[in-house]
>>> print(open('upload_28.txt').read())   # compact mmCIF, C-alpha atoms and all ligand atoms
# COMPACT_ATOMS: atom_id res chain seq x y z
CA MET A 1189 -98.37 181.30 -9.72
CA THR A 1190 -96.00 181.24 -6.74
CA ASP A 1191 -95.34 177.66 -5.69
CA LEU A 1192 -95.64 177.62 -1.91
CA LYS A 1193 -92.80 175.57 -0.43
CA PHE A 1194 -93.99 174.18 2.90
CA ALA A 1195 -91.57 172.74 5.44
CA THR A 1196 -91.77 168.98 5.09
CA GLU A 1197 -90.64 168.04 8.60
CA LYS A 1198 -93.27 167.43 11.29
CA ILE A 1199 -93.43 169.71 14.34
CA GLU A 1200 -91.43 167.75 16.90
CA ASN A 1201 -91.19 168.44 20.64
CA PRO A 1202 -89.56 169.78 22.72
CA ARG A 1203 -89.84 173.22 21.15
CA ALA A 1204 -89.34 176.62 22.70
CA HIS A 1205 -92.33 178.97 22.63
CA TRP A 1206 -91.87 182.70 22.08
CA VAL A 1207 -94.10 185.79 21.94
CA ILE A 1208 -93.15 188.47 19.43
CA THR A 1209 -94.69 191.93 19.29
CA LEU A 1210 -93.98 194.44 16.56
CA VAL A 1211 -94.99 198.09 16.09
CA CYS A 1212 -94.01 200.17 13.05
CA ASP A 1213 -95.33 202.51 10.41
CA ASP A 1214 -97.85 200.61 8.30
CA THR A 1215 -96.58 199.48 4.91
CA PRO A 1216 -97.20 196.47 2.64
CA GLY A 1217 -95.16 193.33 3.35
CA ILE A 1218 -94.70 193.52 7.14
CA VAL A 1219 -96.42 190.21 7.91
CA HIS A 1220 -94.65 188.54 4.98
CA ALA A 1221 -91.25 189.78 6.18
CA LEU A 1222 -91.75 188.77 9.81
CA THR A 1223 -93.33 185.37 9.19
CA GLY A 1224 -90.66 184.66 6.59
CA ALA A 1225 -88.01 185.32 9.22
CA VAL A 1226 -89.77 183.01 11.69
CA VAL A 1227 -89.91 180.21 9.08
CA ALA A 1228 -86.25 180.84 8.23
CA ALA A 1229 -85.49 180.15 11.91
CA GLY A 1230 -87.41 176.88 11.63
CA GLY A 1231 -90.29 178.41 13.54
CA ASN A 1232 -93.99 177.61 13.41
CA ILE A 1233 -96.58 180.40 13.71
CA GLU A 1234 -99.13 179.24 16.29
CA GLU A 1235 -101.13 182.47 16.72
CA LEU A 1236 -100.98 185.85 14.96
CA GLN A 1237 -103.00 189.04 15.46
CA GLN A 1238 -102.50 192.34 13.68
CA PHE A 1239 -104.07 195.80 13.51
CA SER A 1240 -103.55 198.78 11.21
CA SER A 1241 -104.39 202.07 12.97
CA THR A 1242 -105.95 204.51 10.52
CA ASP A 1243 -105.75 207.13 13.27
CA THR A 1244 -101.95 207.08 13.47
CA GLY A 1245 -100.79 205.08 10.42
CA ARG A 1246 -99.11 202.60 12.75
CA PHE A 1247 -99.15 198.81 12.41
CA PHE A 1248 -99.36 196.44 15.39
CA LEU A 1249 -98.69 192.71 15.48
CA ARG A 1250 -98.48 190.00 18.14
CA THR A 1251 -97.55 186.44 17.29
CA GLU A 1252 -96.85 183.25 19.27
CA VAL A 1253 -94.31 180.97 17.64
CA SER A 1254 -92.56 177.71 18.47
CA VAL A 1255 -89.01 176.88 17.38
CA ALA A 1256 -86.82 173.85 17.86
CA ASP A 1257 -84.69 174.11 20.99
CA GLY A 1258 -81.51 175.99 20.19
CA ALA A 1259 -82.83 177.76 17.08
CA ASP A 1260 -81.74 181.39 16.96
CA LEU A 1261 -85.08 183.15 16.40
CA GLN A 1262 -83.74 186.61 17.24
CA ALA A 1263 -80.95 186.31 14.66
CA GLU A 1264 -83.64 186.05 11.96
CA VAL A 1265 -86.28 188.53 13.22
CA LEU A 1266 -84.16 191.37 14.56
CA PRO A 1267 -82.74 192.31 11.11
CA VAL A 1268 -86.32 192.42 9.77
CA ALA A 1269 -87.35 194.74 12.58
CA LYS A 1270 -84.36 196.97 11.88
CA ARG A 1271 -85.21 197.12 8.17
CA LEU A 1272 -88.83 198.07 9.03
CA GLY A 1273 -87.80 200.61 11.65
CA ALA A 1274 -89.97 198.61 14.02
CA LYS A 1275 -90.10 198.39 17.80
CA ILE A 1276 -90.00 194.66 18.46
CA THR A 1277 -90.07 192.47 21.56
CA VAL A 1278 -89.20 188.77 21.68
CA ASP A 1279 -90.02 187.04 24.98
CA PRO A 1280 -90.10 183.42 26.13
CA ALA A 1281 -93.81 182.56 26.41
CA GLU A 1282 -93.36 180.73 29.71
CA ARG A 1283 -91.41 183.48 31.51
CA LYS A 1284 -93.31 184.97 34.44
CA LEU A 1285 -93.32 188.78 34.69
CA ARG A 1286 -91.76 190.16 37.87
CA THR A 1287 -94.48 192.36 39.37
CA LEU A 1288 -94.45 194.80 42.29
CA ILE A 1289 -97.81 195.48 43.97
CA LEU A 1290 -98.48 198.84 45.64
CA GLY A 1291 -101.43 199.14 48.02
CA SER A 1292 -102.89 201.26 50.78
CA LYS A 1293 -105.76 199.87 52.90
CA ALA A 1294 -108.28 198.19 50.57
CA ALA A 1295 -107.46 194.48 50.28
CA HIS A 1296 -109.78 193.14 47.56
CA ALA A 1297 -107.67 193.92 44.50
CA VAL A 1298 -104.41 192.91 46.20
CA ASN A 1299 -106.04 189.67 47.35
CA ASP A 1300 -107.25 188.81 43.85
CA LEU A 1301 -103.79 189.37 42.37
CA LEU A 1302 -102.11 187.24 45.06
CA PHE A 1303 -104.69 184.44 44.75
CA ARG A 1304 -104.60 184.43 40.92
CA GLN A 1305 -100.80 184.31 40.99
CA ARG A 1306 -100.77 181.48 43.51
CA SER A 1307 -103.37 179.51 41.50
CA GLY A 1308 -101.26 179.84 38.34
CA TYR A 1309 -103.82 181.94 36.49
CA LEU A 1310 -101.57 185.02 36.40
CA PRO A 1311 -98.17 184.41 34.70
CA ILE A 1312 -96.36 186.67 37.14
CA GLU A 1313 -94.00 186.52 40.12
CA ILE A 1314 -94.64 188.88 43.05
CA PRO A 1315 -91.37 189.53 44.91
CA ARG A 1316 -92.88 192.25 47.10
CA VAL A 1317 -96.03 194.04 48.23
CA MET A 1318 -95.47 197.63 49.38
CA ALA A 1319 -98.05 199.79 51.14
CA ASN A 1320 -98.38 203.11 52.95
CA HIS A 1321 -100.50 201.43 55.63
CA ALA A 1322 -99.73 198.28 57.67
CA VAL A 1323 -103.14 196.65 57.27
CA LEU A 1324 -102.20 194.59 54.17
CA GLY A 1325 -99.31 192.87 55.95
CA ASP A 1326 -101.32 189.85 57.16
CA LEU A 1327 -102.68 189.27 53.65
CA ALA A 1328 -99.22 189.35 52.06
CA ARG A 1329 -97.85 187.03 54.76
CA PHE A 1330 -100.76 184.60 54.16
CA TYR A 1331 -99.44 184.24 50.61
CA ASP A 1332 -95.78 184.16 51.75
CA VAL A 1333 -95.05 187.40 49.87
CA PRO A 1334 -92.55 189.85 51.44
CA PHE A 1335 -94.31 192.99 52.65
CA GLU A 1336 -92.96 196.50 53.22
CA HIS A 1337 -94.93 199.17 55.08
CA LEU A 1338 -93.71 202.76 54.69
CA PRO A 1339 -96.13 205.34 56.18
CA VAL A 1340 -96.88 208.40 54.04
CA THR A 1341 -98.12 211.35 56.08
CA GLY A 1342 -96.40 214.18 54.20
CA PRO A 1343 -94.27 215.12 51.21
CA GLU A 1344 -91.00 213.86 52.72
CA GLU A 1345 -92.44 210.43 53.47
CA LYS A 1346 -94.07 210.28 50.02
CA ALA A 1347 -90.67 210.97 48.45
CA ALA A 1348 -89.10 208.31 50.69
CA PHE A 1349 -91.79 205.80 49.67
CA GLU A 1350 -91.16 206.47 45.99
CA GLN A 1351 -87.38 206.23 46.42
CA ARG A 1352 -87.87 202.83 48.06
CA VAL A 1353 -90.05 201.81 45.10
CA ARG A 1354 -87.17 202.68 42.80
CA GLU A 1355 -84.78 200.59 44.93
CA VAL A 1356 -87.10 197.57 44.94
CA ILE A 1357 -87.57 197.83 41.16
CA ALA A 1358 -83.79 197.68 40.74
CA GLU A 1359 -83.16 195.00 43.39
CA GLU A 1360 -85.96 192.69 42.20
CA GLN A 1361 -85.74 193.36 38.42
CA ILE A 1362 -89.37 194.50 38.45
CA GLU A 1363 -91.06 194.66 35.01
CA LEU A 1364 -94.56 195.78 36.07
CA VAL A 1365 -95.81 197.98 38.94
CA VAL A 1366 -99.47 197.51 39.87
CA LEU A 1367 -101.33 200.17 41.86
CA ALA A 1368 -103.97 197.99 43.55
CA ARG A 1369 -106.05 200.73 45.14
CA TYR A 1370 -102.85 202.53 46.08
CA MET A 1371 -104.26 205.86 47.20
CA GLN A 1372 -101.28 208.16 46.73
CA ILE A 1373 -100.75 210.40 43.72
CA VAL A 1374 -97.53 209.26 42.02
CA SER A 1375 -95.06 212.07 41.38
CA PRO A 1376 -94.46 213.25 37.80
CA GLU A 1377 -90.86 212.05 38.08
CA LEU A 1378 -91.80 208.48 39.02
CA CYS A 1379 -94.63 208.49 36.44
CA GLU A 1380 -92.03 209.29 33.80
CA GLU A 1381 -89.72 206.53 35.02
CA LEU A 1382 -92.61 204.02 35.05
CA ALA A 1383 -94.12 205.04 31.70
CA GLY A 1384 -95.73 202.01 30.08
CA MET A 1385 -95.05 199.69 33.03
CA ALA A 1386 -97.43 200.93 35.78
CA ILE A 1387 -101.11 199.99 35.86
CA ASN A 1388 -103.75 201.50 38.16
CA ILE A 1389 -107.29 200.42 38.94
CA HIS A 1390 -109.68 203.33 39.18
CA HIS A 1391 -112.95 202.60 40.89
CA SER A 1392 -115.23 204.13 38.27
CA PHE A 1393 -116.05 203.69 34.57
CA LEU A 1394 -113.70 206.42 33.31
CA PRO A 1395 -113.88 209.12 32.12
CA GLY A 1396 -116.71 209.45 34.60
CA PHE A 1397 -116.02 210.23 38.26
CA LYS A 1398 -112.26 210.81 38.24
CA GLY A 1399 -110.32 211.47 41.43
CA ALA A 1400 -111.27 210.60 44.98
CA ASN A 1401 -114.57 209.09 46.20
CA PRO A 1402 -116.02 208.04 42.81
CA TYR A 1403 -118.75 205.89 44.42
CA ARG A 1404 -119.97 208.86 46.45
CA GLN A 1405 -119.99 210.95 43.27
CA ALA A 1406 -121.86 208.16 41.42
CA HIS A 1407 -124.47 207.78 44.17
CA ALA A 1408 -125.15 211.52 44.14
CA ARG A 1409 -125.60 211.33 40.34
CA GLY A 1410 -128.09 208.45 40.65
CA VAL A 1411 -126.19 206.15 38.28
CA LYS A 1412 -127.63 202.81 37.12
CA LEU A 1413 -124.19 201.32 36.43
CA VAL A 1414 -120.98 201.34 38.49
CA GLY A 1415 -117.70 200.33 37.00
CA ALA A 1416 -113.96 199.96 37.17
CA THR A 1417 -111.16 201.00 34.83
CA ALA A 1418 -107.63 199.63 34.58
CA HIS A 1419 -105.31 202.14 32.95
CA PHE A 1420 -101.65 203.04 32.60
CA VAL A 1421 -100.43 205.52 35.19
CA THR A 1422 -99.53 208.98 33.89
CA THR A 1423 -98.96 212.34 35.54
CA ASP A 1424 -102.52 213.37 34.66
CA LEU A 1425 -104.57 211.63 37.36
CA ASP A 1426 -106.76 208.81 36.03
CA GLU A 1427 -106.13 210.00 32.43
CA GLY A 1428 -103.72 207.24 31.37
CA PRO A 1429 -104.44 204.96 28.36
CA ILE A 1430 -107.32 202.65 29.24
CA ILE A 1431 -106.58 198.91 29.20
CA GLU A 1432 -109.80 197.26 30.46
CA GLN A 1433 -113.18 198.29 31.85
CA ASN A 1434 -116.19 196.54 33.39
CA VAL A 1435 -119.56 197.67 34.73
CA ARG A 1436 -122.41 196.18 36.74
CA ARG A 1437 -126.01 197.28 37.22
CA VAL A 1438 -127.12 199.13 40.36
CA ASP A 1439 -130.30 200.99 41.29
CA HIS A 1440 -131.87 203.65 43.51
CA THR A 1441 -132.05 201.30 46.52
CA ASN A 1442 -128.25 200.98 46.78
CA THR A 1443 -126.37 203.01 49.39
CA VAL A 1444 -122.84 204.32 48.80
CA LYS A 1445 -121.43 201.43 50.83
CA GLN A 1446 -123.42 198.95 48.74
CA LEU A 1447 -122.11 200.57 45.55
CA GLN A 1448 -118.57 200.23 46.91
CA ALA A 1449 -119.09 196.54 47.77
CA MET A 1450 -120.62 195.78 44.37
CA GLY A 1451 -117.93 197.77 42.57
CA GLN A 1452 -115.06 196.01 44.31
CA ASP A 1453 -115.73 192.76 42.46
CA GLU A 1454 -115.50 194.69 39.17
CA GLU A 1455 -112.29 196.42 40.34
CA SER A 1456 -110.61 193.11 41.18
CA ARG A 1457 -111.50 191.28 37.99
CA THR A 1458 -110.70 194.30 35.83
CA LEU A 1459 -107.25 194.82 37.31
CA THR A 1460 -106.43 191.10 37.23
CA GLN A 1461 -107.46 190.90 33.56
CA ALA A 1462 -105.29 193.92 32.70
CA VAL A 1463 -102.29 192.41 34.52
CA LYS A 1464 -102.78 189.07 32.72
CA TRP A 1465 -102.88 190.75 29.32
CA PHE A 1466 -99.78 192.84 30.16
CA ALA A 1467 -97.89 189.75 31.36
CA GLU A 1468 -98.80 187.96 28.11
CA HIS A 1469 -97.52 190.91 26.02
CA ARG A 1470 -101.00 191.55 24.60
CA ILE A 1471 -101.12 195.33 25.22
CA LEU A 1472 -99.53 197.78 22.77
CA LEU A 1473 -99.73 201.57 22.94
CA ASP A 1474 -101.08 203.58 19.99
CA GLY A 1475 -100.59 207.14 21.21
CA HIS A 1476 -103.12 207.61 24.01
CA ARG A 1477 -105.04 204.47 23.12
CA THR A 1478 -104.18 200.84 23.78
CA ILE A 1479 -104.34 198.00 21.30
CA VAL A 1480 -105.23 194.83 23.21
CA PHE A 1481 -104.75 191.51 21.38
CA ARG A 1482 -107.08 189.51 23.63
N1 LIG A 1501 -99.81 210.25 38.97
C1 LIG A 1501 -100.82 209.39 39.20
N2 LIG A 1501 -100.98 208.86 40.43
C2 LIG A 1501 -102.02 208.00 40.68
C3 LIG A 1501 -102.95 207.71 39.66
C4 LIG A 1501 -102.74 208.26 38.36
O1 LIG A 1501 -103.50 207.98 37.40
N3 LIG A 1501 -101.67 209.09 38.18
N4 LIG A 1501 -104.06 206.91 39.97
C5 LIG A 1501 -104.37 206.96 41.40
C6 LIG A 1501 -105.51 206.23 42.03
N5 LIG A 1501 -106.51 207.19 42.48
C7 LIG A 1501 -107.74 206.89 42.00
O2 LIG A 1501 -107.90 205.80 41.42
C8 LIG A 1501 -106.28 208.26 43.40
C9 LIG A 1501 -105.41 208.06 44.47
C10 LIG A 1501 -105.15 209.07 45.38
C11 LIG A 1501 -105.77 210.31 45.27
C12 LIG A 1501 -105.45 211.36 46.28
O3 LIG A 1501 -106.02 212.44 46.29
N6 LIG A 1501 -104.47 211.04 47.18
C13 LIG A 1501 -103.96 212.01 48.20
C14 LIG A 1501 -103.72 211.33 49.55
C15 LIG A 1501 -104.94 210.57 50.01
C16 LIG A 1501 -104.61 209.79 51.31
O4 LIG A 1501 -103.52 210.02 51.90
O5 LIG A 1501 -105.45 208.96 51.70
C17 LIG A 1501 -102.59 212.51 47.76
O6 LIG A 1501 -101.83 211.71 47.11
O7 LIG A 1501 -102.26 213.65 48.15
C18 LIG A 1501 -106.65 210.53 44.21
C19 LIG A 1501 -106.92 209.50 43.28
C20 LIG A 1501 -103.12 206.46 42.14
N7 LIG A 1501 -102.15 207.45 41.92
>>> encode(input="upload_28.txt", output="C-alpha cells")
Amino acid sequence: MTDLKFATEKIENPRAHWVITLVCDDTPGIVHALTGAVVAAGGNIEELQQFSSTDTGRFFLRTEVSVADGADLQAEVLPVAKRLGAKITVDPAERKLRTLILGSKAAHAVNDLLFRQRSGYLPIEIPRVMANHAVLGDLARFYDVPFEHLPVTGPEEKAAFEQRVREVIAEEQIELVVLARYMQIVSPELCEELAGMAINIHHSFLPGFKGANPYRQAHARGVKLVGATAHFVTTDLDEGPIIEQNVRRVDHTNTVKQLQAMGQDEESRTLTQAVKWFAEHRILLDGHRTIVFR
C-alpha cells in the first residue's frame, strides 16, 4: 500500500496562478508525471481536465495550478514534457491575450468583443481594430481602441491590407487574430502564418451554407434553425476546425433580413465565447477537431 505523503503546509497567499496545457501521445503515467512535477515545485492543482483521443491516440490535458511566489514551476514541468515528447504551454493565468480584431462593415460582433473586453469578461487586450471599410471607426473610437481603415478594392490592396496585418502583429505582439465578420478571403500565405491563432465567425451552422450569403441560402431552403459557427481560419474557406456553435429557432414567417437580425445575436455570443476559451487556453487541436476544456 503506497503511503500518500501530503504536503503539510497550508496554502498561503499570495500565490501565482498558472495554466498548463499538455498534448502528447497517450501512455500510462502522464497525469502522475505532470502533477508530481507541480507538487515538486510546491504547486497546488486547482483544476484539471484531460481527454484521451481514441481517434488519434493523442492525450490532452489542461490544468490550473497555484505556486508560491518565486517558485520555479517551469524548471519542474519542462523536463517532464521533454521526457513525454509533449507539446506544453505554461502561461500566467491573469495575463490578458493581445488580440487584433479584423472587420468589414457589420458592427455587432466587433461591438460585443469590445464591450466584453471593456467589462472585464474577456481576458484580452485589443491594441487595434483594422477594417477594409471606414464604418467601424466610430465604434472603435467609442471604446478608445485605435482603428485602421485600409480599403480593399482589388488584389493589390488586399495584399497591402494583409501586409499591414503582419506589421501590426509584430508591432503589438498580437497572439490572436479575430475575424469579426471580416468579409475578405485570407490568402493561403497569411492563413499559414496565422495557423492556430486566427478565429472566424461564420454566419451559419456549419457545414451548412458555407461561403457568402448564408442567410439567403437558409431562407431559400426553408430552415427552422439559423446558427453561427466560430472556427479556426484555414485556406479552405469556412472549413477550419470548429470551436463553438449556436442555433436559434426560426419559421416560415421570417424574411431574410429577420433571419440576419436573429442570427446576429448568435454570431456575437458564439464568437465571444470562442475568444474567451482561446484566451483561457481551453482549446487544443486534435487534427481537424478541437478539444475544448470548457
Ligand atoms: N482563407 C479564409 N478566409 C476567410 C475565411 C476562411 O475560413 N478562410 N472565413 C471568411 C468569412 N466568410 C464567411 O464567413 C467569407 C468572407 C468573404 C467571402 C468572399 O467571397 N469575399 C470576397 C470579397 C467580398 C467583398 O469584397 O465584399 C473576396 O474575398 O474576394 C466569402 C466568405 C473570412 N475569410
>>> residues_around(input="upload_28.txt", residues="Thr1423 in chain A", least_positions_apart="4", cutoff="9 Å", atoms="all atoms listed in the file", output="mmCIF file with C-alpha atoms, in the frame of the given file")
data_model
loop_
_atom_site.group_PDB
_atom_site.id
_atom_site.type_symbol
_atom_site.label_atom_id
_atom_site.label_comp_id
_atom_site.auth_asym_id
_atom_site.auth_seq_id
_atom_site.Cartn_x
_atom_site.Cartn_y
_atom_site.Cartn_z
ATOM 1 C CA ILE A 1373 -100.750 210.400 43.720
ATOM 2 C CA VAL A 1374 -97.530 209.260 42.020
ATOM 3 C CA SER A 1375 -95.060 212.070 41.380
ATOM 4 C CA PRO A 1376 -94.460 213.250 37.800
ATOM 5 C CA GLU A 1377 -90.860 212.050 38.080
ATOM 6 C CA LEU A 1378 -91.800 208.480 39.020
ATOM 7 C CA CYS A 1379 -94.630 208.490 36.440
ATOM 8 C CA GLU A 1380 -92.030 209.290 33.800
ATOM 9 C CA GLU A 1427 -106.130 210.000 32.430
ATOM 10 C CA GLY A 1428 -103.720 207.240 31.370
#
>>> closest_residue(input="upload_28.txt", among="A:Leu1290, A:Leu1261, A:Val1298, A:Leu1249", to="ligand LIG 1501 (chain A)", atoms="only C-alpha atoms and all ligand atoms")
A:Leu1290
>>> closest_residue(input="upload_28.txt", among="A:His1321, A:Asn1442, A:Thr1251, A:Leu1288", to="Ala1386 in chain A", atoms="only C-alpha atoms")
A:Leu1288
>>> residues_around(input="upload_28.txt", residues="Ile1312 in chain A", least_positions_apart="3", cutoff="10 Å", atoms="all atoms listed in the file", output="PyMOL selection string")
chain A and resi 1282-1288+1301-1302+1304-1306+1308-1309+1315+1363-1364+1463-1464+1466-1468
>>> closest_residue(input="upload_28.txt", among="A:His1337, A:Asp1260, A:Pro1202, A:Ala1274", to="Thr1215 in chain A", atoms="all atoms listed in the file")
A:Ala1274
>>> residues_near_ligand(input="upload_28.txt", ligand="ligand LIG 1501 (chain A)", cutoff="8 Å", atoms="only C-alpha atoms and all ligand atoms", output="list in words")
Val1340, Thr1341, Leu1367, Arg1369, Tyr1370, Met1371, Gln1372, Ile1373, Val1374, Ser1375, Pro1376, Cys1379, Asn1388, Ile1389, His1390, His1391, Lys1398, Gly1399, Ala1400, His1419, Phe1420, Val1421, Thr1422, Thr1423, Asp1424, Leu1425, Asp1426, Glu1427 and Gly1428 of chain A
>>> atom_distance(input="upload_28.txt", atom1="CA of Met1385 in chain A", atom2="CA of Leu1210 in chain A")
17.3 Å
>>> residues_around(input="upload_28.txt", residues="Thr1441 in chain A", least_positions_apart="2", cutoff="12 Å", atoms="only C-alpha atoms", output="ChimeraX atom specification")
/A:1407,1410-1412,1437-1439,1443-1447
>>> atom_distance(input="upload_28.txt", atom1="CA of Glu1455 in chain A", atom2="CA of Tyr1403 in chain A")
12.2 Å
>>> atom_distance(input="upload_28.txt", atom1="CA of Asn1320 in chain A", atom2="CA of Ile1431 in chain A")
25.5 Å
>>> closest_residue(input="upload_28.txt", among="A:Ala1204, A:Ala1225, A:Leu1473, A:Ala1263", to="Gly1384 in chain A", atoms="all atoms listed in the file")
A:Leu1473
